[in-house]
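Okay, structure first, notes after.
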Amino acid sequence: MLSYEPGDSVAHRLDPRSKLAVQIGFAAAAFAHTTPRGLAALTVAALLVLVIARTDPRRALWEVRFVVPFLVAAPLIEGFAWGAWFVLADAVAPALAGYRVLLVVVVAAAYVRTTPVRDSRAAIQRTIPGRAGQFLGMGVAFVFRFVPVLQADIARIRDAHRSRLGTERSVPDRMGLLAVAAFNRAFERADRFSLALRARCFSWNPTLPELRLSRLDSVALAVAAAFVLAALQPLIT
């Protein structure tokens with residue numbers, strides 16, 4: 001499940017603000033360098049991030065598997081052409097773009113695994129002042145807590161369908177049943193979540209954990225700056 005797990009890795013000890021800076025820099029570099037050489041270098045960087053976070057790459061890929069069908073569909077659709085079976089040259093660009101997105105999502109998975117939700121909210125609210133920061137911090141905290149619950153609900157729905165021989169149905173029927181059941185469960189969860197917030201007197205500005213930048217964070221910020229410079233390099237040259 002894609003959620004925070006306590007640990008003592010280097011990534012766990014970093015301030016969430018420096019980890020967010022690394023993520024932003026990595027994403028900027030990924031979108032600036034979509035060539036095979038650039039993506040190869042970013043792949044090495046993503047693997048190093050996973051090593052620092054002590055996250056198995058296979059597990060990270062499994063956790064973000066829900067985006068893979070969309071990334072695979074783009075080059076297939078783009079490469080298909082009337083009068084020809086498949087034009088490989090037309091599929092190369094969307095395939096590289098999809099791989100770029102996959103790298104960014106994998107790095108984000110390492111962040112989620114090593115950062116408590118309250119620390120993420122504190123980082124956002126202390127970086128962006130005022131009501132806007134509170135709103136964004138609250139939204140991030142809700143998403144990080146809500147998505148794992150929805151993933152678990154979808155897994156239970158699929159298990160229930162399999163136990164009732166739902167696999168004997170056609171693929172469109174199974175997708176329709178799963179989508180309807182998942183949306184119904186999501187709306188039920190949202191209603192219960194709203195009631196729980198009111199019952200607990202939800203606060204827009206709670207007491208958040210104290211954040212401090214250490215020498216280790218200075219290394220992470222330097223890495224983030226290197227990613228940003230790499231992203232700006234095509235504009236400079």
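Ligands are numbered from 1 in the order shown, chains are lettered A, B, ... in the order of the structure tokens, and residues start at 1 in each chain.
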Near A:Thr43, counting only C-alpha atoms, which residues have an atom at most 10 Å away, once you skip same-chain residues fewer than 5 positions from it, shown as a ChimeraX atom specification?
-> /A:30,37-38,48-49,99-100,102-104
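For the pair atom CA of A:Ala40 and atom CA of A:Ile52, the separation is 18.7 Å.
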Might you pull out every residue within 9 Å of A:Ala32, with only C-alpha atoms counted and same-chain residues fewer than 4 positions away left off, and present them as a list of chain:residue names?
->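 Result of the neighbour search: A:Ala27, A:Ala28, A:Gly38, A:Ala230, A:Ala231, A:Leu232, A:Gln233, A:Pro234.
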Those of stretch 6-231 of chain A in DSSP helix (DSSP H, G or I), formatted as a ChimeraX atom specification | /A:10-13,16-32,36-52,57-63,65-79,88-114,117-127,130-163,166-168,171-199,215-231
Find the residues near A:Ser218: any atom within 12 Å, counting only C-alpha atoms, skip ones fewer than 3 places away on the same chain, and give them as a VMD selection string.
-> chain A and resid 14 to 15 17 to 19 21 to 22 212 to 215 221 to 225
Would you kindly return, as a list of chain:residue names, each protein, DNA or RNA residue with an atom no farther than 12 Å from any atom of stretch 69-74 of chain A, considering only C-alpha atoms and excluding same-chain residues fewer than 6 positions away?
->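 The residues satisfying every condition are A:Phe80, A:Asp90, A:Ala91, A:Val92, A:Ala93, A:Pro94, A:Ala95, A:Leu96, A:Ala97, A:Gly98, A:Tyr99, A:Arg100, A:Val101, A:Leu102, A:Leu103, A:Val105.
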Please list as a tab-separated table (two decimals) with C-alpha atoms, in the first residue's frame every residue within 12 Å of stretch 168-179 of chain A, counting only C-alpha atoms and excluding residues in the same chain fewer than 3 positions away.
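Writing done, so here's around-v7.tsv:
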```
chain	number	residue	atom	x	y	z
A	153	ASP	CA	-11.55	-0.76	-1.07
A	154	ILE	CA	-10.92	-1.47	-4.76
A	155	ALA	CA	-8.83	-4.52	-3.87
A	156	ARG	CA	-11.66	-5.86	-1.68
A	157	ILE	CA	-14.21	-5.23	-4.45
A	158	ARG	CA	-12.08	-7.16	-6.93
A	159	ASP	CA	-11.66	-10.03	-4.48
A	160	ALA	CA	-15.43	-10.11	-3.95
A	161	HIS	CA	-16.05	-10.23	-7.71
A	162	ARG	CA	-13.57	-13.06	-8.14
A	163	SER	CA	-15.15	-15.07	-5.33
A	164	ARG	CA	-18.53	-14.71	-7.08
A	165	LEU	CA	-17.11	-15.86	-10.45
A	182	ALA	CA	-15.60	1.89	-6.58
A	183	PHE	CA	-17.40	5.22	-7.09
A	184	ASN	CA	-20.17	4.21	-4.69
A	185	ARG	CA	-17.62	3.25	-2.06
A	186	ALA	CA	-15.67	6.48	-2.63
```
In Å, rounded to a single decimal, give me how far atom CA of A:Gly79 is from atom CA of A:Ala60.
-> 28.3 Å
